[in-house]
file input-v4.cif (mmCIF, C-alpha atoms and all ligand atoms)
data_final
#
loop_
_atom_site.label_atom_id
_atom_site.label_comp_id
_atom_site.auth_asym_id
_atom_site.auth_seq_id
_atom_site.Cartn_x
_atom_site.Cartn_y
_atom_site.Cartn_z
CA MET A 1 -10.10 -1.34 11.11
CA LYS A 2 -9.17 -1.33 14.76
CA LYS A 3 -9.44 1.69 17.05
CA GLU A 4 -6.11 2.51 18.68
CA LEU A 5 -4.96 6.00 17.65
CA THR A 6 -5.70 9.43 19.06
CA ARG A 7 -8.53 11.42 17.46
CA GLN A 8 -6.03 13.84 15.97
CA GLN A 9 -4.06 11.00 14.40
CA TYR A 10 -7.21 9.55 12.86
CA LEU A 11 -8.10 12.93 11.43
CA ASP A 12 -4.55 13.53 10.17
CA LEU A 13 -4.64 10.29 8.23
CA TYR A 14 -7.94 11.34 6.71
CA TYR A 15 -6.71 14.83 5.86
CA TYR A 16 -3.59 13.55 4.12
CA MET A 17 -5.46 10.92 2.11
CA ARG A 18 -7.93 13.55 0.95
CA LEU A 19 -5.12 15.99 0.21
CA ASN A 20 -3.23 13.31 -1.73
CA ARG A 21 -6.26 12.66 -3.90
CA ALA A 22 -7.09 16.33 -4.37
CA VAL A 23 -3.51 17.20 -5.40
CA GLU A 24 -3.56 14.44 -8.01
CA ASP A 25 -7.04 15.41 -9.24
CA MET A 26 -5.80 18.95 -9.71
CA MET A 27 -2.79 17.75 -11.64
CA VAL A 28 -5.04 15.78 -13.99
CA LYS A 29 -6.83 19.06 -14.75
CA LEU A 30 -3.49 20.79 -15.31
CA PHE A 31 -2.41 17.92 -17.55
CA ARG A 32 -5.54 18.27 -19.68
CA GLN A 33 -4.84 21.97 -19.99
CA ASN A 34 -1.39 21.06 -21.32
CA LYS A 35 0.32 22.64 -18.36
CA ILE A 36 2.05 19.50 -17.11
CA VAL A 37 5.34 18.99 -18.86
CA GLY A 38 6.32 15.44 -17.91
CA GLY A 39 4.51 12.16 -17.30
CA LEU A 40 1.70 12.09 -14.78
CA TYR A 41 1.17 9.03 -12.62
CA SER A 42 -1.71 8.30 -10.31
CA SER A 43 -1.99 6.71 -6.90
CA LEU A 44 -5.79 6.59 -7.03
CA GLY A 45 -6.87 3.80 -4.68
CA GLN A 46 -3.41 3.48 -3.14
CA GLU A 47 -3.43 6.63 -1.00
CA ALA A 48 -3.69 4.67 2.25
CA ILE A 49 -0.29 3.10 1.57
CA SER A 50 1.73 6.30 1.01
CA VAL A 51 -0.03 8.16 3.81
CA GLY A 52 -0.19 5.35 6.39
CA THR A 53 3.46 4.35 6.00
CA ALA A 54 4.97 7.85 5.92
CA TYR A 55 2.85 8.82 8.92
CA ALA A 56 4.67 6.14 10.92
CA LEU A 57 7.99 7.98 10.52
CA GLU A 58 9.42 10.61 12.82
CA LYS A 59 10.60 13.99 11.57
CA LYS A 60 14.25 12.99 11.73
CA ASP A 61 13.64 9.82 9.66
CA TRP A 62 14.36 9.62 5.94
CA LEU A 63 12.24 8.57 3.01
CA ALA A 64 12.59 8.23 -0.74
CA PRO A 65 9.31 8.20 -2.69
CA MET A 66 8.52 6.54 -5.99
CA ILE A 67 6.05 7.85 -8.58
CA ARG A 68 2.92 6.82 -6.68
CA ASN A 69 3.99 8.26 -3.32
CA ILE A 70 2.89 11.88 -3.46
CA GLY A 71 0.95 11.15 -0.26
CA ALA A 72 4.23 10.38 1.51
CA LEU A 73 5.71 13.69 0.33
CA LEU A 74 2.70 15.59 1.69
CA VAL A 75 2.92 13.83 5.06
CA LYS A 76 6.63 14.65 5.26
CA GLY A 77 5.83 18.31 4.72
CA VAL A 78 6.35 19.07 1.03
CA PRO A 79 3.99 21.92 0.07
CA PRO A 80 1.60 21.08 -2.81
CA ARG A 81 2.97 24.05 -4.80
CA ASP A 82 6.34 22.28 -5.08
CA ILE A 83 4.65 19.21 -6.51
CA PHE A 84 2.62 21.31 -8.99
CA MET A 85 5.60 23.42 -10.06
CA GLN A 86 7.83 20.40 -10.38
CA HIS A 87 5.39 18.75 -12.81
CA MET A 88 4.98 22.06 -14.65
CA ALA A 89 8.79 22.52 -14.87
CA LYS A 90 8.54 26.00 -13.32
CA TYR A 91 11.54 28.06 -12.29
CA ASP A 92 10.49 28.17 -8.62
CA SER A 93 10.22 24.39 -8.43
CA PRO A 94 12.72 22.42 -6.34
CA THR A 95 14.70 21.51 -9.48
CA LYS A 96 14.17 24.99 -11.03
CA GLY A 97 12.39 23.53 -14.02
CA LYS A 98 15.01 20.97 -14.97
CA ASP A 99 12.72 18.00 -14.33
CA GLY A 100 9.10 17.55 -15.32
CA THR A 101 8.05 14.94 -12.78
CA SER A 102 8.93 14.09 -9.25
CA HIS A 103 12.73 13.85 -9.21
CA PHE A 104 13.39 16.13 -6.31
CA GLY A 105 14.32 15.75 -2.68
CA ASP A 106 15.26 17.77 0.36
CA LEU A 107 18.35 16.53 2.14
CA ASP A 108 18.62 19.47 4.53
CA ASP A 109 15.27 19.81 6.23
CA LEU A 110 12.68 17.22 5.30
CA HIS A 111 15.11 14.31 4.81
CA ILE A 112 13.77 13.26 1.44
CA VAL A 113 15.95 11.50 -1.12
CA SER A 114 14.90 12.10 -4.71
CA PRO A 115 13.20 9.21 -6.53
CA ILE A 116 15.43 7.20 -8.86
CA SER A 117 13.62 6.03 -11.98
CA MET A 118 15.56 2.80 -12.27
CA LEU A 119 13.28 0.53 -10.29
CA GLY A 120 14.87 -0.89 -7.16
CA ASP A 121 17.90 1.39 -7.02
CA LEU A 122 16.55 3.27 -4.03
CA ILE A 123 16.85 0.13 -1.93
CA PRO A 124 20.66 0.12 -1.66
CA VAL A 125 20.68 3.92 -1.54
CA MET A 126 18.28 4.04 1.41
CA THR A 127 20.15 1.18 3.05
CA GLY A 128 23.19 3.45 2.88
CA VAL A 129 21.22 6.31 4.42
CA ALA A 130 20.11 4.01 7.23
CA MET A 131 23.68 2.85 7.85
CA ALA A 132 25.00 6.41 7.80
CA GLY A 133 22.44 7.40 10.42
CA ARG A 134 23.60 4.54 12.58
CA TYR A 135 27.28 5.45 12.23
CA LEU A 136 26.40 8.96 13.32
CA GLY A 137 24.33 7.73 16.25
CA GLN A 138 21.16 9.41 15.03
CA LYS A 139 18.71 6.57 15.62
CA ILE A 140 16.92 7.18 12.36
CA VAL A 141 14.93 4.85 10.13
CA ALA A 142 15.00 4.99 6.32
CA MET A 143 12.00 4.02 4.20
CA THR A 144 11.28 3.57 0.52
CA TRP A 145 8.65 1.97 -1.70
CA ILE A 146 8.79 -0.51 -4.57
CA GLY A 147 6.11 -1.97 -6.84
CA ASP A 148 5.30 -5.60 -7.56
CA GLY A 149 7.12 -5.25 -10.89
CA GLY A 150 10.08 -3.50 -9.32
CA SER A 151 10.47 -6.34 -6.83
CA SER A 152 11.70 -8.54 -9.69
CA THR A 153 14.70 -6.36 -10.53
CA GLY A 154 18.18 -7.55 -9.65
CA VAL A 155 18.91 -4.54 -7.51
CA PHE A 156 15.86 -5.24 -5.34
CA HIS A 157 17.48 -8.52 -4.32
CA GLU A 158 21.02 -7.19 -4.06
CA GLY A 159 19.83 -4.22 -2.07
CA LEU A 160 17.64 -6.17 0.33
CA ASN A 161 20.38 -8.73 0.92
CA PHE A 162 22.81 -5.92 1.66
CA ALA A 163 20.35 -4.25 4.03
CA ALA A 164 19.74 -7.59 5.77
CA VAL A 165 23.39 -8.47 6.25
CA GLN A 166 24.08 -4.97 7.57
CA LYS A 167 20.97 -5.02 9.77
CA ALA A 168 20.21 -1.55 8.45
CA PRO A 169 17.32 0.30 10.14
CA PHE A 170 15.37 0.24 6.91
CA VAL A 171 11.71 -0.41 6.09
CA LEU A 172 10.74 -1.36 2.56
CA ILE A 173 7.13 -1.00 1.46
CA LEU A 174 6.23 -3.31 -1.40
CA GLU A 175 3.11 -1.93 -3.07
CA ASN A 176 1.50 -4.88 -4.76
CA ASN A 177 -1.08 -3.18 -6.99
CA LEU A 178 -1.39 -6.28 -9.21
CA TRP A 179 -0.05 -4.61 -12.37
CA ALA A 180 3.28 -3.48 -13.74
CA TYR A 181 2.41 -1.47 -16.85
CA SER A 182 0.13 -3.99 -18.64
CA THR A 183 1.70 -7.09 -17.05
CA PRO A 184 -0.51 -8.77 -14.46
CA ILE A 185 1.20 -10.02 -11.33
CA ARG A 186 0.64 -13.70 -12.17
CA LYS A 187 2.67 -13.32 -15.36
CA GLN A 188 5.67 -11.79 -13.68
CA VAL A 189 6.17 -13.63 -10.40
CA PRO A 190 5.13 -17.13 -9.30
CA LEU A 191 4.37 -16.14 -5.70
CA GLU A 192 1.04 -15.62 -4.00
CA ASN A 193 2.57 -13.29 -1.42
CA LEU A 194 5.45 -11.03 -2.38
CA ALA A 195 6.24 -10.72 1.32
CA ASP A 196 7.78 -14.20 0.93
CA ARG A 197 10.70 -12.56 -0.84
CA ALA A 198 11.92 -11.44 2.61
CA ARG A 199 12.58 -15.02 3.66
CA ALA A 200 15.43 -15.32 1.18
CA TYR A 201 17.27 -12.66 3.15
CA GLY A 202 16.42 -13.84 6.66
CA ILE A 203 14.37 -10.77 7.47
CA ASP A 204 10.83 -10.37 8.76
CA SER A 205 7.89 -9.25 6.69
CA TYR A 206 4.27 -8.28 7.07
CA ILE A 207 1.29 -8.46 4.74
CA VAL A 208 -1.27 -5.71 5.08
CA ASP A 209 -4.50 -4.65 3.40
CA GLY A 210 -3.25 -1.60 1.51
CA ASN A 211 -6.75 -0.11 1.38
CA ASP A 212 -7.10 0.01 5.17
CA VAL A 213 -5.18 3.07 6.30
CA VAL A 214 -5.31 2.21 10.00
CA ALA A 215 -3.90 -1.27 9.37
CA VAL A 216 -1.21 0.19 7.11
CA TYR A 217 -0.23 2.77 9.72
CA SER A 218 -0.18 0.29 12.63
CA THR A 219 1.90 -2.21 10.68
CA ALA A 220 4.33 0.43 9.48
CA LYS A 221 4.63 1.86 12.98
CA GLU A 222 5.53 -1.53 14.41
CA ALA A 223 8.05 -2.17 11.62
CA VAL A 224 9.63 1.27 12.01
CA GLU A 225 10.03 0.81 15.77
CA ARG A 226 11.54 -2.65 15.32
CA ALA A 227 13.98 -1.35 12.72
CA ARG A 228 14.84 1.57 15.01
CA ALA A 229 15.49 -0.82 17.88
CA GLY A 230 18.13 -2.61 15.84
CA GLU A 231 16.24 -5.64 14.56
CA GLY A 232 17.31 -5.01 10.98
CA PRO A 233 15.27 -4.29 7.87
CA ILE A 234 11.62 -5.23 7.49
CA LEU A 235 9.55 -5.72 4.36
CA ILE A 236 5.84 -4.85 4.27
CA GLU A 237 3.70 -6.06 1.39
CA ALA A 238 0.67 -3.81 1.01
CA LYS A 239 -1.95 -5.39 -1.22
CA SER A 240 -3.95 -3.01 -3.35
CA PHE A 241 -4.84 -2.18 -6.95
CA ARG A 242 -3.74 0.41 -9.51
CA ARG A 243 -7.06 2.03 -10.43
CA HIS A 244 -5.75 4.09 -13.34
CA GLY A 245 -3.39 3.08 -16.12
CA HIS A 246 0.35 3.22 -15.72
CA ALA A 247 0.27 6.95 -16.51
CA GLN A 248 -2.11 9.41 -18.16
CA HIS A 249 -1.48 7.97 -21.63
CA ASP A 250 -2.66 4.47 -20.61
CA ALA A 251 -6.39 3.75 -20.57
CA ALA A 252 -5.67 0.31 -19.04
CA GLU A 253 -8.27 -1.48 -21.15
CA TYR A 254 -6.40 -4.70 -20.43
CA VAL A 255 -7.69 -4.70 -16.84
CA PRO A 256 -10.70 -7.02 -16.41
CA LYS A 257 -13.90 -5.11 -15.61
CA GLU A 258 -14.76 -7.31 -12.61
CA MET A 259 -11.34 -6.71 -11.09
CA ARG A 260 -11.73 -2.95 -11.39
CA ALA A 261 -15.27 -3.09 -9.98
CA TYR A 262 -14.11 -5.14 -6.99
CA TRP A 263 -11.46 -2.60 -6.05
CA GLU A 264 -13.57 0.45 -6.79
CA ALA A 265 -15.98 -0.83 -4.18
CA ARG A 266 -13.06 -0.91 -1.73
CA ASP A 267 -11.96 2.67 -2.16
CA PRO A 268 -9.63 3.43 0.78
CA ILE A 269 -11.04 6.89 1.45
CA ALA A 270 -14.67 5.74 1.34
CA LEU A 271 -13.83 2.80 3.64
CA TYR A 272 -12.10 5.12 6.06
CA GLU A 273 -14.96 7.62 6.06
CA LYS A 274 -17.31 4.80 7.02
CA PHE A 275 -15.01 3.80 9.86
CA LEU A 276 -14.61 7.37 11.09
CA SER A 277 -18.31 8.06 11.15
CA SER A 278 -19.15 4.74 12.82
CA GLU A 279 -16.58 5.57 15.52
CA LYS A 280 -18.02 9.10 15.79
CA LEU A 281 -14.68 10.63 14.82
CA LEU A 282 -16.00 12.52 11.81
CA ASP A 283 -19.37 14.13 11.18
CA ALA A 284 -20.70 15.94 8.12
CA LYS A 285 -19.62 19.31 9.52
CA SER A 286 -15.98 18.41 10.13
CA LYS A 287 -15.88 16.61 6.79
CA ASN A 288 -16.98 19.82 5.06
CA GLU A 289 -14.43 21.82 7.02
CA ILE A 290 -11.62 19.52 5.92
CA GLU A 291 -12.83 19.73 2.33
CA GLU A 292 -12.92 23.53 2.56
CA LYS A 293 -9.44 23.66 4.05
CA ILE A 294 -8.05 21.53 1.22
CA ASN A 295 -9.85 23.53 -1.50
CA THR A 296 -8.60 26.82 -0.14
CA LEU A 297 -5.05 25.55 0.24
CA LEU A 298 -4.91 24.03 -3.22
CA GLY A 299 -6.46 27.10 -4.83
CA LYS A 300 -3.59 29.20 -3.44
CA GLU A 301 -0.94 26.65 -4.25
CA ARG A 302 -2.14 26.28 -7.80
CA GLU A 303 -2.20 30.04 -8.31
CA PHE A 304 1.34 30.34 -7.03
CA ALA A 305 2.48 27.54 -9.34
CA GLU A 306 0.73 28.97 -12.39
CA ASN A 307 2.24 32.41 -11.76
CA SER A 308 5.75 31.04 -11.40
CA PRO A 309 7.78 31.70 -14.57
CA MET A 310 9.31 29.09 -16.82
CA PRO A 311 13.11 28.99 -16.48
CA PRO A 312 15.05 31.46 -18.65
CA ALA A 313 16.45 29.85 -21.80
CA GLU A 314 20.09 30.43 -20.83
CA PHE A 315 19.49 28.47 -17.62
CA ALA A 316 19.31 25.29 -19.71
CA GLU A 317 23.06 25.13 -20.08
CA THR A 318 23.83 25.57 -16.39
CA GLY A 319 23.86 23.00 -13.65
CA VAL A 320 24.04 20.06 -16.02
CA TYR A 321 27.44 18.90 -14.83
CA CYS A 322 28.74 19.58 -11.37
CA THR A 323 31.87 21.69 -11.62
CA GLY A 324 32.94 21.37 -8.01
CA ASP A 325 32.83 24.10 -5.38
CA ASP A 326 31.52 26.77 -7.74
CA CYS A 327 28.52 24.49 -8.38
CA HIS A 328 27.90 23.23 -4.88
CA LYS A 329 29.92 21.94 -1.99
CA ILE A 330 29.95 18.20 -2.25
CA ARG A 331 31.61 17.64 1.10
CA ALA A 332 29.56 16.11 3.86
CA LYS A 333 28.41 18.69 6.34
CA TRP A 334 30.01 17.14 9.40
CA GLU A 335 33.40 17.22 7.68
CA ARG A 336 35.07 14.80 10.05
CA PRO A 337 37.88 12.46 9.01
CA VAL A 338 36.51 9.23 7.58
CA SER A 339 38.45 7.16 10.11
CA GLU A 340 36.70 8.98 12.93
CA VAL A 341 33.24 7.98 11.79
CA THR A 342 34.07 4.45 10.73
CA PRO A 343 33.32 1.78 13.31
CA PRO A 344 34.85 0.35 15.38
CA ARG A 345 37.38 3.18 15.77
CA SER A 346 34.83 5.94 16.12
CA SER A 347 35.76 8.40 18.82
CA VAL A 348 32.38 10.04 18.50
CA GLN A 349 30.01 9.06 21.23
CA ALA A 350 26.86 7.75 19.58
CA VAL A 351 23.62 8.67 21.31
CA TRP A 352 22.42 5.10 20.91
CA THR A 353 23.71 1.62 20.30
CA VAL A 354 21.91 -1.39 18.90
CA PRO A 355 22.09 -4.16 21.45
CA GLY A 356 21.88 -6.92 18.85
CA PHE A 357 24.11 -5.31 16.27
CA GLY A 358 27.19 -7.41 15.99
CA SER A 359 26.03 -9.98 18.46
CA GLY A 360 23.60 -11.91 16.37
CA LYS A 361 20.02 -10.84 17.16
CA GLY A 362 18.04 -10.14 14.06
CA SER A 363 14.44 -9.72 13.01
CA ALA A 364 14.29 -13.35 11.89
CA GLY A 365 15.49 -14.74 15.23
CA ALA A 366 18.78 -15.61 16.83
CA ASN A 367 20.73 -16.71 13.78
CA ALA A 368 21.40 -13.27 12.40
CA PRO A 369 24.47 -12.32 10.40
CA ILE A 370 27.68 -11.32 12.09
CA HIS A 371 29.29 -7.92 11.66
CA PHE A 372 32.64 -6.30 12.15
CA GLY A 373 34.37 -9.43 13.38
CA GLU A 374 32.26 -9.81 16.50
CA PRO A 375 32.41 -13.24 18.15
CA GLN A 376 29.88 -15.87 17.08
CA PRO A 377 26.77 -16.29 19.19
CA ALA A 378 26.42 -19.81 20.57
CA GLU A 379 23.55 -20.85 18.30
CA THR A 380 25.11 -20.09 14.92
CA GLU A 381 27.51 -21.90 12.67
CA ALA A 382 31.20 -21.18 13.26
CA PRO A 383 32.63 -19.85 9.99
CA GLU A 384 36.01 -21.57 10.31
CA THR A 385 34.66 -25.08 10.86
CA GLY A 386 31.23 -24.94 9.27
CA LYS A 387 30.01 -27.01 12.24
CA PRO A 388 26.85 -25.97 14.02
CA ALA A 389 27.55 -25.00 17.60
CA ALA A 390 24.14 -25.94 18.97
CA LYS A 391 21.39 -28.31 17.95
CA SER A 392 18.56 -25.90 17.34
CA PRO A 393 15.86 -27.37 15.03
CA ALA A 394 17.04 -25.06 12.25
CA ASN A 395 20.62 -26.19 12.60
CA VAL A 396 19.67 -29.87 12.71
CA ALA A 397 17.74 -29.39 9.48
CA LYS A 398 20.73 -27.67 7.91
CA VAL A 399 23.09 -30.50 8.87
CA ALA A 400 20.66 -33.09 7.55
CA ALA A 401 20.41 -31.24 4.27
CA LYS A 402 24.17 -31.08 3.95
CA LYS A 403 24.56 -34.81 4.59
CA THR A 404 22.37 -35.72 1.68
CA VAL A 405 24.71 -34.00 -0.79
CA LYS A 406 27.07 -36.66 -2.16
CA ALA A 407 30.67 -35.69 -2.75
CA ALA A 408 31.50 -35.57 -6.44
CA PRO A 409 34.24 -37.94 -7.61
CA ALA A 410 37.65 -36.32 -7.54
CA SER A 411 38.00 -36.48 -11.32
CA ALA A 412 34.64 -34.78 -11.81
CA SER A 413 35.49 -31.96 -9.41
CA ARG A 414 38.84 -31.44 -11.17
CA LYS A 415 36.99 -31.12 -14.43
CA ALA A 416 34.57 -28.68 -12.94
CA ARG A 417 37.39 -26.51 -11.71
CA ARG A 418 39.03 -26.22 -15.11
C1 LIG A 501 15.01 -1.12 -13.94
C2 LIG A 501 13.81 -0.57 -14.67
N1 LIG A 501 13.21 -1.32 -15.61
C3 LIG A 501 12.13 -0.83 -16.28
C4 LIG A 501 11.66 0.43 -16.00
C5 LIG A 501 10.45 0.99 -16.76
N2 LIG A 501 9.30 1.01 -15.86
C6 LIG A 501 8.93 2.10 -15.19
S1 LIG A 501 7.60 1.86 -14.21
C7 LIG A 501 7.47 0.24 -14.72
C8 LIG A 501 6.40 -0.65 -14.17
C9 LIG A 501 6.55 -0.76 -12.70
O1 LIG A 501 5.57 -1.58 -12.16
P1 LIG A 501 5.50 -1.75 -10.61
O2 LIG A 501 6.86 -1.91 -10.04
O3 LIG A 501 4.52 -2.81 -10.32
O4 LIG A 501 5.00 -0.32 -10.09
P2 LIG A 501 3.59 0.39 -10.39
O5 LIG A 501 3.74 1.16 -11.66
O6 LIG A 501 2.55 -0.64 -10.46
O7 LIG A 501 3.40 1.32 -9.23
C10 LIG A 501 8.48 -0.09 -15.61
C11 LIG A 501 8.65 -1.40 -16.24
C12 LIG A 501 12.35 1.18 -15.04
N3 LIG A 501 11.95 2.41 -14.70
N4 LIG A 501 13.42 0.65 -14.37
MG MG A 502 2.56 -2.59 -9.76
#

call {"tool": "encode", "arguments": {"input": "input-v4.cif", "output": "structure tokens"}}
result
Amino acid sequence: MKKELTRQQYLDLYYYMRLNRAVEDMMVKLFRQNKIVGGLYSSLGQEAISVGTAYALEKKDWLAPMIRNIGALLVKGVPPRDIFMQHMAKYDSPTKGKDGTSHFGDLDDLHIVSPISMLGDLIPVMTGVAMAGRYLGQKIVAMTWIGDGGSSTGVFHEGLNFAAVQKAPFVLILENNLWAYSTPIRKQVPLENLADRARAYGIDSYIVDGNDVVAVYSTAKEAVERARAGEGPILIEAKSFRRHGHAQHDAAEYVPKEMRAYWEARDPIALYEKFLSSEKLLDAKSKNEIEEKINTLLGKEREFAENSPMPPAEFAETGVYCTGDDCHKIRAKWERPVSEVTPPRSSVQAVWTVPGFGSGKGSAGANAPIHFGEPQPAETEAPETGKPAAKSPANVAKVAAKKTVKAAPASASRKARR
């Protein structure tokens, strides 16, 4: 861990990791008391990823968590009571008891898009959020998370390609925790580093130790600022380990003992405590104070959640289908004509512009995709002719590769067309 943050930032990261763990520990107790209605997932050992990445966002930025990202919700400002009540399906929960896990968001204030259970689907959705922010000149960044297993879904690839070609200000955190249910990583993808998936889409990626919260934060911060500056999407692979089973029902006996022992010895909170005390940022007294603060807060939040009623029975048949304006206004808040907010005709003065957007600069270098009919930069291939305009090493390699492909005989190509 390197020292480069303010003292308050170091302590914030610590507080949120501890809070993340304490909230989940409390939910395990509630689960064992039969008070949790839906599935309960754990991010034990992965707290540094949710906390470190979400902490790199600004208030105006958007995120969409997955099941192991309660830490990100807490950093963004969701009160623990909402997380408790949501899992207990209470009437005061964000979804008023209609969901028993974490499918809730807050589009108005906190800028949180609800999780989507279908793995990977948040990638195109958050790409859309990022693009919308750009159209509106808001200079926001959108972030979401995906697991090692989820990175093999079709929509992961479609979504990332779409984000790349649109140069969306989007950061994708790939949490490689080595397991997808009971499938070990080596049985589901033949790559050593999942960050390599970014290459297929011409975008940049980072690999970071997911158990080192300072490294996670610094990497995410750099990626977020690059995305905000218009360099396009960035993928971060955070390497870690899923210390519990897939959910409460799964004892994960299929995980080798040595593997578990290795990662238990690298607990992200214990590692961070060591760092903080060696840097004289945390002593026993302030550690106790933080612990006290969390215990008091969670005691109150739990009490509130337990006292919240279950939804009335008749509520079950309401709000299932949207019935239009008497359900909720679906119109976008800005209510401007679509043509006005669609580039390049927009008459709305954006508060920012991306210098490279449309002119070819991307996170992977000069040969970035072209948008909205902008002229070709000198170094890229002209679409009409297919000829490279300049002899950069990459272009020379491309031409050489093309030359080696022999033209098929005319009869063969006719057959192929039929
Ligand atoms: C498209 C899709 N396929 C299958 C599932 C069922 N499913 C839910 S979680 C999960 C495992 C996910 O593993 P990974 O992406 O590595 O995330 P982790 O649980 O390790 O955080 C599966 C297969 C799903 N939700 N969506
Ligand atoms: Mg996984």

call {"tool": "residues_near_ligand", "arguments": {"input": "input-v4.cif", "ligand": "ligand LIG 501 (chain A)", "cutoff": "7 Å", "atoms": "only C-alpha atoms and all ligand atoms", "output": "PyMOL selection string"}}
result
chain A and resi 68+117-120+146-151+153+175-181+242+246

call {"tool": "closest_residue", "arguments": {"input": "input-v4.cif", "among": "A:Val37, A:Leu174, A:Val155, A:Met131", "to": "ligand MG 502 (chain A)", "atoms": "all atoms listed in the file"}}
result
A:Leu174

call {"tool": "residues_around", "arguments": {"input": "input-v4.cif", "residues": "Asp92 of chain A", "least_positions_apart": "2", "cutoff": "12 Å", "atoms": "only C-alpha atoms", "output": "ChimeraX atom specification"}}
result
/A:81-90,94-99,304-312

call {"tool": "atom_distance", "arguments": {"input": "input-v4.cif", "atom1": "atom CA of Ser277 of chain A", "atom2": "atom CA of Ser240 of chain A"}}
result
23.2 Å

call {"tool": "residues_near_point", "arguments": {"input": "input-v4.cif", "point": "(-13.0, 13.6, -0.2)", "cutoff": "8 Å", "atoms": "only C-alpha atoms", "output": "VMD selection string"}}
result
chain A and resid 18 21 to 22 269 291

call {"tool": "residues_near_point", "arguments": {"input": "input-v4.cif", "point": "(9.3, 14.5, -2.3)", "cutoff": "7 Å", "atoms": "all atoms listed in the file", "output": "PyMOL selection string"}}
result
chain A and resi 65+73+78+102+104-105+112+114

call {"tool": "closest_residue", "arguments": {"input": "input-v4.cif", "among": "A:Leu19, A:Ala163, A:Ala261, A:Met143", "to": "Ile236 of chain A", "atoms": "only C-alpha atoms"}}
result
A:Met143

call {"tool": "atom_distance", "arguments": {"input": "input-v4.cif", "atom1": "atom CA of Glu264 of chain A", "atom2": "atom CA of Arg7 of chain A"}}
result
27.1 Å

call {"tool": "atom_distance", "arguments": {"input": "input-v4.cif", "atom1": "atom CA of Val113 of chain A", "atom2": "atom CA of Gln138 of chain A"}}
result
17.1 Å

call {"tool": "axis_aligned_box", "arguments": {"input": "input-v4.cif", "around": "segment 38-55 of chain A", "padding_each_side": "3 Å", "output": "lines of an AutoDock Vina configuration file"}}
result
center_x = -0.3
center_y = 9.3
center_z = -4.5
size_x = 19.2
size_y = 18.3
size_z = 32.8

call {"tool": "closest_residue", "arguments": {"input": "input-v4.cif", "among": "A:Gly128, A:Pro169, A:Gly133, A:Gly52", "to": "Val224 of chain A", "atoms": "all atoms listed in the file"}}
result
A:Pro169

call {"tool": "closest_residue", "arguments": {"input": "input-v4.cif", "among": "A:Leu160, A:Leu172, A:Ala238, A:Met17", "to": "ligand MG 502 (chain A)", "atoms": "all atoms listed in the file"}}
result
A:Ala238

call {"tool": "closest_residue", "arguments": {"input": "input-v4.cif", "among": "A:Met126, A:Ala72, A:Leu191, A:Ile67", "to": "ligand MG 502 (chain A)", "atoms": "all atoms listed in the file"}}
result
A:Ile67

call {"tool": "residues_around", "arguments": {"input": "input-v4.cif", "residues": "segment 42-44 of chain A", "least_positions_apart": "3", "cutoff": "9 Å", "atoms": "all atoms listed in the file", "output": "tab-separated table (two decimals) with C-alpha atoms, in the frame of the given file"}}
result
chain	number	residue	atom	x	y	z
A	20	ASN	CA	-3.23	13.31	-1.73
A	21	ARG	CA	-6.26	12.66	-3.90
A	24	GLU	CA	-3.56	14.44	-8.01
A	25	ASP	CA	-7.04	15.41	-9.24
A	28	VAL	CA	-5.04	15.78	-13.99
A	47	GLU	CA	-3.43	6.63	-1.00
A	50	SER	CA	1.73	6.30	1.01
A	67	ILE	CA	6.05	7.85	-8.58
A	68	ARG	CA	2.92	6.82	-6.68
A	69	ASN	CA	3.99	8.26	-3.32
A	70	ILE	CA	2.89	11.88	-3.46
A	71	GLY	CA	0.95	11.15	-0.26
A	241	PHE	CA	-4.84	-2.18	-6.95
A	242	ARG	CA	-3.74	0.41	-9.51
A	243	ARG	CA	-7.06	2.03	-10.43
A	244	HIS	CA	-5.75	4.09	-13.34
A	245	GLY	CA	-3.39	3.08	-16.12
A	246	HIS	CA	0.35	3.22	-15.72
A	247	ALA	CA	0.27	6.95	-16.51
A	248	GLN	CA	-2.11	9.41	-18.16
A	267	ASP	CA	-11.96	2.67	-2.16

call {"tool": "closest_residue", "arguments": {"input": "input-v4.cif", "among": "A:Ala164, A:Ala215, A:Ala284, A:Leu194", "to": "ligand MG 502 (chain A)", "atoms": "only C-alpha atoms and all ligand atoms"}}
result
A:Leu194
